[in-house]
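Below is the file upload_39.cif, which contains mmCIF, C-alpha atoms.
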```cif
data_work
loop_
_atom_site.label_atom_id
_atom_site.label_comp_id
_atom_site.auth_asym_id
_atom_site.auth_seq_id
_atom_site.Cartn_x
_atom_site.Cartn_y
_atom_site.Cartn_z
CA MET A 1 -14.46 16.79 -18.87
CA SER A 2 -17.64 15.57 -20.45
CA ASP A 3 -17.64 12.09 -21.95
CA GLU A 4 -20.11 12.94 -24.70
CA PRO A 5 -17.85 15.08 -26.93
CA GLN A 6 -15.23 12.34 -26.71
CA THR A 7 -17.54 9.66 -28.05
CA ARG A 8 -19.59 11.55 -30.61
CA THR A 9 -16.84 11.30 -33.24
CA LEU A 10 -16.90 7.52 -32.89
CA THR A 11 -20.58 7.15 -33.79
CA PRO A 12 -20.64 4.80 -36.81
CA PRO A 13 -22.32 5.92 -40.03
CA ALA A 14 -25.78 4.67 -40.74
CA SER A 15 -25.84 1.15 -42.10
CA PRO A 16 -28.35 -1.66 -42.50
CA SER A 17 -27.11 -3.18 -39.29
CA ALA A 18 -27.43 0.04 -37.28
CA PRO A 19 -31.05 -0.47 -36.16
CA ARG A 20 -30.16 -3.88 -34.74
CA ARG A 21 -27.26 -2.39 -32.75
CA GLU A 22 -29.41 0.46 -31.49
CA ALA A 23 -31.92 -2.03 -30.15
CA GLN A 24 -29.24 -3.41 -27.82
CA PRO A 25 -28.56 -1.80 -24.44
CA PRO A 26 -26.20 1.11 -25.02
CA LEU A 27 -22.58 0.57 -24.09
CA ALA A 28 -20.51 2.93 -21.94
CA GLY A 29 -19.13 5.64 -24.12
CA VAL A 30 -21.86 5.39 -26.78
CA PRO A 31 -23.81 8.65 -27.14
CA ALA A 32 -27.27 7.07 -26.74
CA PRO A 33 -28.40 7.52 -23.13
CA ALA A 34 -28.93 4.51 -20.89
CA PRO A 35 -32.52 3.40 -20.39
CA ARG A 36 -34.12 4.87 -17.31
CA TRP A 37 -34.50 1.46 -15.67
CA LEU A 38 -30.79 0.72 -16.13
CA THR A 39 -29.84 4.09 -14.63
CA ARG A 40 -31.94 3.24 -11.58
CA VAL A 41 -30.25 -0.16 -11.30
CA LEU A 42 -26.86 1.58 -11.47
CA VAL A 43 -27.85 3.90 -8.61
CA VAL A 44 -28.99 0.93 -6.52
CA GLY A 45 -25.77 -0.88 -7.41
CA LEU A 46 -23.63 2.09 -6.37
CA VAL A 47 -25.38 2.39 -3.02
CA LEU A 48 -25.21 -1.35 -2.27
CA ALA A 49 -21.57 -1.52 -3.35
CA ALA A 50 -20.65 1.42 -1.11
CA LEU A 51 -22.49 -0.16 1.82
CA ASN A 52 -20.21 -3.20 1.44
CA LEU A 53 -16.87 -1.40 1.30
CA ARG A 54 -16.21 -1.39 5.09
CA PRO A 55 -18.35 -3.93 7.05
CA ALA A 56 -15.71 -6.63 6.51
CA ILE A 57 -13.38 -4.41 8.56
CA THR A 58 -15.55 -2.71 11.17
CA SER A 59 -17.50 -5.88 12.04
CA LEU A 60 -14.17 -7.48 12.87
CA GLY A 61 -13.12 -4.50 14.99
CA ALA A 62 -16.20 -4.91 17.17
CA LEU A 63 -15.38 -8.59 17.80
CA LEU A 64 -11.59 -8.51 17.67
CA GLU A 65 -11.15 -9.72 21.26
CA GLU A 66 -13.45 -12.72 20.68
CA VAL A 67 -11.70 -13.55 17.37
CA ARG A 68 -8.30 -13.35 19.05
CA THR A 69 -9.46 -15.72 21.79
CA GLY A 70 -11.22 -18.11 19.42
CA LEU A 71 -8.26 -18.38 17.05
CA HIS A 72 -5.59 -18.11 19.78
CA MET A 73 -4.01 -15.00 18.27
CA SER A 74 -1.22 -13.00 19.87
CA GLY A 75 -1.33 -9.21 19.99
CA SER A 76 1.12 -9.03 17.08
CA ALA A 77 -1.03 -11.43 15.02
CA ALA A 78 -4.07 -9.26 15.74
CA GLY A 79 -2.03 -6.25 14.63
CA LEU A 80 -1.28 -8.09 11.38
CA LEU A 81 -5.00 -8.71 10.97
CA THR A 82 -5.74 -4.99 11.27
CA ALA A 83 -2.94 -4.26 8.76
CA VAL A 84 -4.32 -6.63 6.11
CA PRO A 85 -6.95 -4.14 4.79
CA PRO A 86 -4.52 -1.39 3.72
CA LEU A 87 -2.05 -3.98 2.41
CA CYS A 88 -4.72 -5.56 0.20
CA PHE A 89 -5.93 -2.13 -0.90
CA ALA A 90 -2.39 -1.23 -1.97
CA LEU A 91 -1.64 -4.47 -3.80
CA PHE A 92 -4.96 -4.99 -5.56
CA GLY A 93 -6.00 -1.36 -6.00
CA ILE A 94 -3.11 -0.66 -8.35
CA ALA A 95 -4.38 -3.43 -10.65
CA ALA A 96 -7.87 -1.94 -10.94
CA PRO A 97 -7.23 0.41 -13.91
CA ARG A 98 -5.59 -2.36 -15.94
CA LEU A 99 -8.41 -4.80 -15.20
CA ALA A 100 -10.95 -2.11 -16.08
CA ARG A 101 -9.25 -1.47 -19.43
CA ARG A 102 -9.40 -5.15 -20.23
CA HIS A 103 -12.84 -6.14 -18.94
CA GLY A 104 -14.69 -2.87 -18.32
CA PRO A 105 -15.20 -1.24 -14.91
CA THR A 106 -18.70 -2.60 -14.33
CA ALA A 107 -17.49 -6.19 -14.79
CA VAL A 108 -14.61 -5.60 -12.37
CA VAL A 109 -16.93 -4.07 -9.76
CA TRP A 110 -19.24 -7.08 -10.18
CA ALA A 111 -16.28 -9.39 -9.58
CA GLY A 112 -15.32 -7.28 -6.56
CA MET A 113 -18.77 -7.66 -5.01
CA ALA A 114 -18.64 -11.43 -5.64
CA ALA A 115 -15.22 -11.63 -3.96
CA ILE A 116 -16.51 -9.74 -0.92
CA ALA A 117 -19.49 -12.09 -0.63
CA ALA A 118 -17.30 -15.20 -0.98
CA GLY A 119 -14.74 -13.99 1.55
CA LEU A 120 -17.36 -13.09 4.14
CA LEU A 121 -19.15 -16.42 3.64
CA VAL A 122 -15.96 -18.44 4.13
CA ARG A 123 -14.31 -16.40 6.92
CA PRO A 124 -16.52 -17.51 9.84
CA PHE A 125 -15.68 -21.16 9.14
CA ALA A 126 -11.90 -20.65 9.34
CA GLY A 127 -10.30 -22.95 11.87
CA GLY A 128 -7.08 -21.01 12.29
CA THR A 129 -5.36 -17.68 11.79
CA ALA A 130 -4.04 -18.49 8.30
CA GLY A 131 -7.46 -19.45 6.93
CA PHE A 132 -9.07 -16.43 8.55
CA LEU A 133 -6.47 -14.13 6.99
CA ALA A 134 -6.91 -15.75 3.55
CA ALA A 135 -10.70 -15.36 3.59
CA SER A 136 -10.34 -11.78 4.81
CA ALA A 137 -7.87 -11.07 2.00
CA LEU A 138 -10.35 -12.37 -0.59
CA ALA A 139 -13.04 -10.00 0.65
CA LEU A 140 -10.56 -7.14 0.87
CA MET A 141 -9.38 -7.76 -2.69
CA GLY A 142 -12.94 -7.11 -3.87
CA ILE A 143 -13.09 -3.97 -1.75
CA ALA A 144 -9.77 -2.74 -3.14
CA LEU A 145 -10.88 -3.06 -6.76
CA SER A 146 -14.17 -1.31 -6.06
CA ASN A 147 -12.49 1.45 -4.04
CA VAL A 148 -10.57 2.64 -7.08
CA LEU A 149 -13.28 2.10 -9.68
CA MET A 150 -16.31 3.61 -7.95
CA PRO A 151 -15.23 7.19 -8.84
CA VAL A 152 -14.70 5.98 -12.43
CA ILE A 153 -18.22 4.52 -12.55
CA VAL A 154 -19.65 7.80 -11.27
CA LYS A 155 -17.73 9.87 -13.80
CA ARG A 156 -18.68 7.64 -16.76
CA TYR A 157 -22.37 7.04 -16.11
CA PHE A 158 -23.33 10.22 -14.25
CA PRO A 159 -21.11 12.91 -15.82
CA ASP A 160 -23.63 15.68 -15.08
CA ARG A 161 -24.18 14.56 -11.46
CA VAL A 162 -20.68 13.76 -10.26
CA GLY A 163 -20.99 15.75 -7.02
CA THR A 164 -24.40 14.35 -6.11
CA MET A 165 -23.50 10.75 -6.87
CA THR A 166 -20.14 11.00 -5.13
CA GLY A 167 -21.90 12.39 -2.06
CA LEU A 168 -24.49 9.59 -2.20
CA TYR A 169 -21.85 6.90 -2.51
CA SER A 170 -19.69 8.43 0.25
CA MET A 171 -22.67 8.63 2.60
CA ALA A 172 -23.58 4.99 1.88
CA LEU A 173 -19.98 3.99 2.57
CA ALA A 174 -20.03 5.79 5.92
CA LEU A 175 -23.43 4.27 6.74
CA GLY A 176 -22.20 0.73 6.05
CA THR A 177 -19.12 1.38 8.15
CA SER A 178 -21.06 2.60 11.17
CA LEU A 179 -23.86 0.05 10.82
CA ALA A 180 -21.43 -2.88 10.96
CA ALA A 181 -19.66 -1.39 13.98
CA ALA A 182 -22.88 -0.79 15.91
CA ALA A 183 -24.96 -3.83 14.96
CA THR A 184 -22.49 -6.72 14.85
CA VAL A 185 -22.38 -7.46 18.60
CA PRO A 186 -26.13 -6.96 19.26
CA LEU A 187 -27.10 -9.08 16.23
CA ALA A 188 -24.74 -11.88 17.22
CA THR A 189 -26.16 -11.81 20.75
CA ALA A 190 -29.77 -11.71 19.58
CA LEU A 191 -29.23 -14.70 17.30
CA GLY A 192 -27.56 -16.65 20.08
CA GLY A 193 -24.32 -17.07 18.17
CA GLY A 194 -20.72 -16.16 18.80
CA TRP A 195 -18.24 -14.14 16.79
CA ARG A 196 -18.61 -16.44 13.79
CA THR A 197 -22.32 -15.59 13.50
CA GLY A 198 -21.64 -11.89 13.97
CA LEU A 199 -19.09 -11.81 11.15
CA GLY A 200 -21.01 -14.11 8.82
CA LEU A 201 -24.16 -12.00 8.86
CA TRP A 202 -22.55 -9.38 6.62
CA ALA A 203 -22.22 -11.86 3.77
CA VAL A 204 -25.97 -11.42 3.21
CA LEU A 205 -25.52 -7.73 2.40
CA ALA A 206 -22.65 -8.58 0.05
CA VAL A 207 -24.73 -11.15 -1.83
CA LEU A 208 -27.45 -8.53 -2.31
CA ALA A 209 -24.88 -6.18 -3.86
CA VAL A 210 -23.95 -8.76 -6.49
CA LEU A 211 -27.48 -8.77 -7.94
CA PRO A 212 -27.76 -5.26 -9.47
CA TRP A 213 -24.21 -5.45 -10.85
CA THR A 214 -25.11 -8.73 -12.53
CA VAL A 215 -27.96 -6.91 -14.29
CA VAL A 216 -25.67 -4.02 -15.29
CA VAL A 217 -22.95 -6.30 -16.65
CA ARG A 218 -25.44 -8.36 -18.67
CA ALA A 219 -27.07 -5.21 -20.07
CA ARG A 220 -23.80 -3.40 -20.84
CA GLY A 221 -21.26 -6.11 -21.60
CA GLY A 222 -22.78 -8.41 -24.18
CA GLY A 223 -21.69 -8.57 -27.78
CA ARG A 224 -19.16 -5.81 -28.06
CA SER A 225 -16.77 -6.02 -30.97
CA THR A 226 -12.99 -5.78 -30.80
CA ALA A 227 -13.08 -2.16 -31.91
CA ARG A 228 -15.72 -1.27 -29.37
CA GLY A 229 -13.83 -3.23 -26.71
CA ALA A 230 -10.70 -1.18 -27.38
CA HIS A 231 -12.72 2.03 -27.28
CA ASP A 232 -14.46 1.05 -24.04
CA SER A 233 -11.16 0.06 -22.44
CA ARG A 234 -9.75 3.52 -23.13
CA LEU A 235 -12.84 5.03 -21.57
CA ALA A 236 -12.52 2.68 -18.62
CA ALA A 237 -9.14 4.21 -17.94
CA GLY A 238 -10.56 7.70 -18.29
CA ALA A 239 -8.85 8.36 -21.59
CA ALA A 240 -10.49 9.99 -24.56
CA PRO A 241 -9.71 9.56 -28.22
CA GLY A 242 -7.36 12.26 -29.41
CA THR A 243 -6.37 13.46 -25.93
CA ALA A 244 -2.82 13.74 -24.70
CA ALA A 245 -1.32 10.97 -22.61
CA ALA A 246 -2.10 11.13 -18.92
CA PRO A 247 0.59 12.70 -16.73
CA ARG A 248 3.13 10.52 -14.94
CA MET A 249 2.33 10.59 -11.26
CA ALA A 250 5.83 9.76 -10.03
CA ARG A 251 7.07 13.13 -11.35
CA SER A 252 4.47 15.19 -9.50
CA ARG A 253 5.10 16.59 -6.04
CA THR A 254 1.37 17.08 -5.62
CA ALA A 255 0.69 13.41 -6.42
CA TRP A 256 3.23 12.28 -3.82
CA ALA A 257 1.86 14.70 -1.22
CA LEU A 258 -1.67 13.49 -1.90
CA ALA A 259 -0.53 9.85 -1.62
CA LEU A 260 1.15 10.59 1.72
CA PHE A 261 -1.91 12.46 2.99
CA PHE A 262 -4.16 9.62 1.86
CA GLY A 263 -1.87 7.05 3.48
CA LEU A 264 -1.62 8.80 6.83
CA GLN A 265 -5.36 9.42 7.08
CA ALA A 266 -5.90 5.74 6.17
CA THR A 267 -3.45 4.78 8.93
CA GLY A 268 -5.53 6.65 11.48
CA ALA A 269 -8.79 5.30 10.08
CA TYR A 270 -7.74 1.64 10.16
CA ILE A 271 -6.15 1.94 13.58
CA THR A 272 -9.43 3.44 14.75
CA MET A 273 -11.60 0.78 13.09
CA GLY A 274 -9.37 -2.04 14.30
CA TRP A 275 -8.43 -0.94 17.80
CA LEU A 276 -10.83 1.72 19.14
CA PRO A 277 -13.31 -0.77 20.65
CA GLN A 278 -10.40 -2.52 22.36
CA ILE A 279 -9.16 0.78 23.81
CA PHE A 280 -12.57 1.35 25.39
CA ARG A 281 -12.94 -2.25 26.56
CA ASP A 282 -9.56 -2.09 28.27
CA ALA A 283 -10.81 1.07 30.02
CA GLY A 284 -13.78 -0.86 31.43
CA VAL A 285 -16.42 -0.06 28.79
CA PRO A 286 -18.76 -3.01 27.95
CA ALA A 287 -18.33 -4.68 24.55
CA GLY A 288 -21.69 -3.51 23.19
CA THR A 289 -21.04 0.08 24.22
CA ALA A 290 -17.53 -0.05 22.76
CA GLY A 291 -18.98 -1.12 19.42
CA LEU A 292 -21.55 1.66 19.62
CA LEU A 293 -18.80 4.21 20.31
CA LEU A 294 -16.97 3.05 17.18
CA ALA A 295 -20.25 3.35 15.28
CA VAL A 296 -20.60 6.97 16.40
CA THR A 297 -17.12 7.69 15.07
CA MET A 298 -18.02 6.14 11.74
CA VAL A 299 -21.51 7.64 11.48
CA MET A 300 -20.04 11.13 11.63
CA GLY A 301 -18.98 10.49 8.07
CA VAL A 302 -22.57 10.18 6.84
CA PRO A 303 -23.43 13.91 6.87
CA LEU A 304 -19.84 15.18 6.67
CA ALA A 305 -19.04 13.04 3.63
CA PHE A 306 -21.68 15.03 1.77
CA VAL A 307 -20.77 18.44 3.20
CA ILE A 308 -16.95 18.38 3.08
CA PRO A 309 -16.59 17.72 -0.68
CA ARG A 310 -18.94 20.61 -1.43
CA VAL A 311 -17.05 22.97 0.89
CA ALA A 312 -13.66 21.84 -0.41
CA GLY A 313 -14.80 22.28 -4.01
CA ARG A 314 -15.51 25.95 -3.38
CA MET A 315 -12.04 26.59 -1.90
CA ARG A 316 -9.00 27.36 -4.02
CA GLN A 317 -6.80 25.69 -1.41
CA GLN A 318 -7.95 22.92 0.92
CA GLY A 319 -5.14 23.34 3.47
CA PRO A 320 -7.33 25.01 6.13
CA LEU A 321 -9.73 22.04 6.06
CA VAL A 322 -6.81 19.63 6.37
CA VAL A 323 -5.52 21.44 9.46
CA LEU A 324 -8.99 21.67 11.04
CA LEU A 325 -9.56 17.92 10.69
CA GLY A 326 -6.07 17.15 11.96
CA LEU A 327 -6.48 19.29 15.07
CA SER A 328 -9.78 17.56 15.82
CA GLY A 329 -7.95 14.23 15.76
CA LEU A 330 -5.18 15.53 18.02
CA VAL A 331 -7.70 16.56 20.68
CA GLY A 332 -9.56 13.25 20.35
CA TYR A 333 -6.44 11.13 20.81
CA ALA A 334 -5.28 13.33 23.70
CA GLY A 335 -8.65 12.72 25.35
CA LEU A 336 -8.30 8.96 24.93
CA TYR A 337 -4.85 9.23 26.51
CA ALA A 338 -6.04 11.22 29.52
CA ALA A 339 -9.57 9.92 30.23
CA PRO A 340 -10.74 7.23 27.76
CA ALA A 341 -13.93 6.22 29.59
CA ALA A 342 -14.92 9.51 31.22
CA GLY A 343 -15.06 11.53 27.99
CA ALA A 344 -15.67 8.66 25.60
CA TRP A 345 -18.57 10.22 23.67
CA LEU A 346 -16.72 13.50 23.08
CA TRP A 347 -13.55 11.73 21.95
CA VAL A 348 -15.38 9.60 19.39
CA LEU A 349 -17.14 12.67 17.98
CA LEU A 350 -13.79 14.43 17.51
CA LEU A 351 -12.21 11.34 15.94
CA GLY A 352 -15.23 11.02 13.66
CA VAL A 353 -14.61 14.55 12.38
CA SER A 354 -10.91 13.79 11.92
CA ASN A 355 -11.64 10.61 9.94
CA CYS A 356 -13.51 12.71 7.39
CA ALA A 357 -10.12 13.39 5.85
CA PHE A 358 -11.07 10.45 3.60
CA PRO A 359 -13.80 12.22 1.57
CA LEU A 360 -11.57 15.31 1.54
CA ALA A 361 -8.77 13.23 -0.01
CA LEU A 362 -11.17 11.85 -2.63
CA THR A 363 -12.29 15.39 -3.46
CA MET A 364 -8.71 16.60 -3.87
CA ILE A 365 -7.97 13.67 -6.19
CA GLY A 366 -10.69 14.97 -8.51
CA MET A 367 -9.44 18.56 -8.27
CA ARG A 368 -5.73 17.94 -8.81
CA SER A 369 -5.97 16.87 -12.46
CA ARG A 370 -7.46 18.53 -15.53
CA SER A 371 -8.24 15.34 -17.47
CA GLY A 372 -10.24 12.19 -16.91
CA ALA A 373 -7.18 10.04 -17.58
CA GLY A 374 -5.26 12.06 -15.03
CA VAL A 375 -7.96 11.61 -12.39
CA VAL A 376 -7.99 7.82 -12.85
CA ARG A 377 -4.21 7.54 -12.68
CA LEU A 378 -4.02 9.90 -9.74
CA SER A 379 -6.73 7.91 -7.94
CA ALA A 380 -4.89 4.62 -8.47
CA PHE A 381 -1.52 6.17 -7.53
CA ALA A 382 -2.70 8.01 -4.43
CA GLN A 383 -4.79 5.12 -3.12
CA SER A 384 -2.29 2.34 -3.85
CA VAL A 385 0.77 4.20 -2.58
CA GLY A 386 -1.27 5.66 0.26
CA TYR A 387 -2.58 2.32 1.46
CA LEU A 388 0.95 0.91 1.24
CA VAL A 389 2.12 3.75 3.48
CA SER A 390 -0.62 2.88 5.96
CA VAL A 391 0.32 -0.80 6.34
CA PRO A 392 2.90 -0.44 9.17
CA GLY A 393 0.63 1.66 11.41
CA PRO A 394 -1.82 -1.00 12.67
CA LEU A 395 1.05 -3.52 12.95
CA LEU A 396 3.10 -1.11 15.03
CA VAL A 397 0.15 -0.27 17.25
CA GLY A 398 -0.49 -3.98 17.91
CA ALA A 399 3.17 -4.59 18.77
CA LEU A 400 3.36 -1.52 21.04
CA TYR A 401 0.13 -2.52 22.76
CA GLN A 402 1.45 -6.01 23.44
CA HIS A 403 4.92 -5.00 24.64
CA SER A 404 4.03 -1.84 26.58
CA GLY A 405 1.01 -3.40 28.25
CA GLY A 406 -1.30 -0.44 27.64
CA TRP A 407 -2.42 2.29 25.28
CA ASP A 408 -0.26 5.26 26.31
CA VAL A 409 2.55 4.66 23.80
CA PRO A 410 0.26 3.69 20.88
CA LEU A 411 -1.85 6.81 21.45
CA LEU A 412 1.25 9.02 21.46
CA LEU A 413 2.19 7.44 18.12
CA MET A 414 -1.28 8.20 16.69
CA MET A 415 -1.00 11.83 17.76
CA GLY A 416 2.48 12.09 16.22
CA LEU A 417 1.30 10.75 12.85
CA LEU A 418 -1.24 13.56 12.54
CA LEU A 419 1.54 16.16 12.21
CA PRO A 420 2.99 14.88 8.89
CA GLN A 421 -0.58 14.18 7.74
CA MET A 422 -1.44 17.86 8.10
CA ALA A 423 1.81 18.94 6.41
CA ALA A 424 1.26 16.63 3.42
CA GLY A 425 -2.39 17.68 3.16
CA VAL A 426 -1.49 21.36 3.01
CA VAL A 427 0.88 20.65 0.10
CA ALA A 428 -1.68 18.44 -1.65
CA GLY A 429 -4.36 21.09 -1.15
CA ARG A 430 -2.56 23.80 -3.13
CA ASP A 431 -4.30 25.17 -6.22
CA ARG A 432 -2.24 23.12 -8.68
CA THR A 433 -2.70 20.10 -10.94
CA VAL A 434 -0.43 17.17 -11.64
CA GLU A 435 -0.20 18.31 -15.26
CA ASP A 436 1.55 21.47 -14.04
CA GLU A 437 4.35 19.39 -12.53
CA SER A 438 4.86 16.29 -14.67
#
```
Could I get this file's structure written as structure tokens?
Amino acid sequence: MSDEPQTRTLTPPASPSAPRREAQPPLAGVPAPAPRWLTRVLVVGLVLAALNLRPAITSLGALLEEVRTGLHMSGSAAGLLTAVPPLCFALFGIAAPRLARRHGPTAVVWAGMAAIAAGLLVRPFAGGTAGFLAASALALMGIALSNVLMPVIVKRYFPDRVGTMTGLYSMALALGTSLAAAATVPLATALGGGWRTGLGLWAVLAVLAVLPWTVVVRARGGGRSTARGAHDSRLAAGAAPGTAAAPRMARSRTAWALALFFGLQATGAYITMGWLPQIFRDAGVPAGTAGLLLAVTMVMGVPLAFVIPRVAGRMRQQGPLVVLLGLSGLVGYAGLYAAPAAGAWLWVLLLGVSNCAFPLALTMIGMRSRSGAGVVRLSAFAQSVGYLVSVPGPLLVGALYQHSGGWDVPLLLMMGLLLPQMAAGVVAGRDRTVEDES
């Protein structure tokens, strides 16, 4: 649904004050196009924001053993640490649409980038588990808000390039994920520091991401009236003047299936990001190589995050893709169970393909609603409920690892979770919309 027809009826009549308003940077939802320089800043901001949406997690995965030792964590406490990301995404992600309606999505993304930078700056100086968890939660709060609002930013400011910009942002997200996994240990070693140096380095990238969003907020957010603020807040939620109310997600079977699919793929992804290096290290693989293996898993998302949405968009039903990705994960986990070190490179390639269920889920969110308001609500519902579903997985894996003394039982659990993931994905991939059901 194009934004321009929605806003054209709100263009005020000519008045003596109109030239002064036109001289200001155009606000979101106003028909006048953004200046070319501001569009370029937005593109840079999107890329830098996406690069920062996972390093807080994957940098920790590469150094989890050192963090556990340094902070005297038990296996269960480490499991809690790997469960914090989806918990924060569930709790804070659901607040993103309301905050965007009140303050505008660009301001909320700016605040999210600032929270990531602050959390990553403070985390290395934590003296205990509680402080480390609190600083991590601050960074993850910023990630959660940005997770939900990045598709909204793309839809609002690049309505004629949604596919291209979504692919660009997804590729940058995958690149940041893999870069943090691969480079954290070597950079910490090269700088002569320990795990605190390795984790703190990523605050620099987060600070850089704050800069373009500061420019965007200052250019877009100044001096809007109450009427314009109300109009912009409706647009921030994806609503258009004169359109019907967005569908209620709780009444849609497709919305629930998509939330379950999103949650189960997130469970696998965060177990992988949090525990895969440890699986390899326990099998005798050196720490640097274990981090590199995780990076290979993550870097698979760079090309596939661009390809899968395009393929899925051409299919009436996305079920076959769901099953293909699920089967890839089953073989990868089975390989880790049978020969973790011997076939390590093959297993991480297969798990990397399986983890591309994430861009597929994002694509299906956009395809399962006919309206902009529906897409925003479905995004918030599927991601918040989905991340809540994913919380127990990393915790359970940590507890099973500690009490069973190995990885056989946790890996069997990971394989078992792929079966309901595929079933939910087939239902979510049907050629239906939430409006058909609510």
Could you spell out the hits of the PyMOL selection byres ((chain A and resi 353-366) around 9) on the shown file, as a short mmCIF file (atom, residue, chain, number, x, y, z; two decimals) with C-alpha atoms, in the coordinates of the input?
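What landed in expr_4.cif:
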```cif
data_model
loop_
_atom_site.label_atom_id
_atom_site.label_comp_id
_atom_site.auth_asym_id
_atom_site.auth_seq_id
_atom_site.Cartn_x
_atom_site.Cartn_y
_atom_site.Cartn_z
CA PRO A 151 -15.23 7.19 -8.84
CA GLY A 167 -21.90 12.39 -2.06
CA SER A 170 -19.69 8.43 0.25
CA ALA A 255 0.69 13.41 -6.42
CA LEU A 258 -1.67 13.49 -1.90
CA PHE A 261 -1.91 12.46 2.99
CA PHE A 262 -4.16 9.62 1.86
CA GLN A 265 -5.36 9.42 7.08
CA ALA A 266 -5.90 5.74 6.17
CA GLY A 268 -5.53 6.65 11.48
CA ALA A 269 -8.79 5.30 10.08
CA THR A 272 -9.43 3.44 14.75
CA THR A 297 -17.12 7.69 15.07
CA MET A 298 -18.02 6.14 11.74
CA MET A 300 -20.04 11.13 11.63
CA GLY A 301 -18.98 10.49 8.07
CA LEU A 304 -19.84 15.18 6.67
CA ALA A 305 -19.04 13.04 3.63
CA PHE A 306 -21.68 15.03 1.77
CA ILE A 308 -16.95 18.38 3.08
CA PRO A 309 -16.59 17.72 -0.68
CA ARG A 310 -18.94 20.61 -1.43
CA ALA A 312 -13.66 21.84 -0.41
CA GLY A 313 -14.80 22.28 -4.01
CA GLN A 318 -7.95 22.92 0.92
CA LEU A 321 -9.73 22.04 6.06
CA VAL A 322 -6.81 19.63 6.37
CA LEU A 324 -8.99 21.67 11.04
CA LEU A 325 -9.56 17.92 10.69
CA GLY A 326 -6.07 17.15 11.96
CA LEU A 327 -6.48 19.29 15.07
CA SER A 328 -9.78 17.56 15.82
CA GLY A 329 -7.95 14.23 15.76
CA LEU A 330 -5.18 15.53 18.02
CA GLY A 332 -9.56 13.25 20.35
CA VAL A 348 -15.38 9.60 19.39
CA LEU A 349 -17.14 12.67 17.98
CA LEU A 350 -13.79 14.43 17.51
CA LEU A 351 -12.21 11.34 15.94
CA GLY A 352 -15.23 11.02 13.66
CA MET A 367 -9.44 18.56 -8.27
CA ARG A 368 -5.73 17.94 -8.81
CA SER A 369 -5.97 16.87 -12.46
CA ARG A 370 -7.46 18.53 -15.53
CA GLY A 372 -10.24 12.19 -16.91
CA GLY A 374 -5.26 12.06 -15.03
CA VAL A 375 -7.96 11.61 -12.39
CA VAL A 376 -7.99 7.82 -12.85
CA LEU A 378 -4.02 9.90 -9.74
CA SER A 379 -6.73 7.91 -7.94
CA ALA A 382 -2.70 8.01 -4.43
CA GLY A 425 -2.39 17.68 3.16
CA ALA A 428 -1.68 18.44 -1.65
CA GLY A 429 -4.36 21.09 -1.15
#
```
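Minimum atom-to-atom distance to Gly335 in chain A, evaluated using all atoms listed in the file, belongs to A:Asp408 out of A:Val44, A:Asp408, A:Arg377, A:Val391.
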So which residues get picked by the PyMOL selection byres ((chain A and resi 119-128) around 7) here, written as a count of residues only? 18
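Minimum atom-to-atom distance to Val109 in chain A, evaluated using all atoms listed in the file, belongs to A:Thr214 out of A:Thr189, A:Thr214, A:Gln317, A:Ser74.
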Expressed in Å to a single decimal, how great is the separation between CA of Ser146 in chain A and CA of Val47 in chain A? 12.2 Å
Polymer residues at most 9 Å from (-5.1, 4.1, 13.7) by only C-alpha atoms, as a ChimeraX atom specification: /A:265-276,393-394,397,410-411,414
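The space between CA of Gly386 in chain A and CA of Val154 in chain A spans 21.8 Å.
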On this structure, which residues satisfy the PyMOL selection byres ((chain A and resi 61) around 7), written as a compact mmCIF listing (two decimals) with C-alpha atoms, in the coordinates of the input?
```txt
# COMPACT_ATOMS: atom_id res chain seq x y z
CA ILE A 57 -13.38 -4.41 8.56
CA THR A 58 -15.55 -2.71 11.17
CA SER A 59 -17.50 -5.88 12.04
CA LEU A 60 -14.17 -7.48 12.87
CA ALA A 62 -16.20 -4.91 17.17
CA LEU A 63 -15.38 -8.59 17.80
CA LEU A 64 -11.59 -8.51 17.67
CA MET A 273 -11.60 0.78 13.09
CA GLY A 274 -9.37 -2.04 14.30
CA TRP A 275 -8.43 -0.94 17.80
CA PRO A 277 -13.31 -0.77 20.65
```
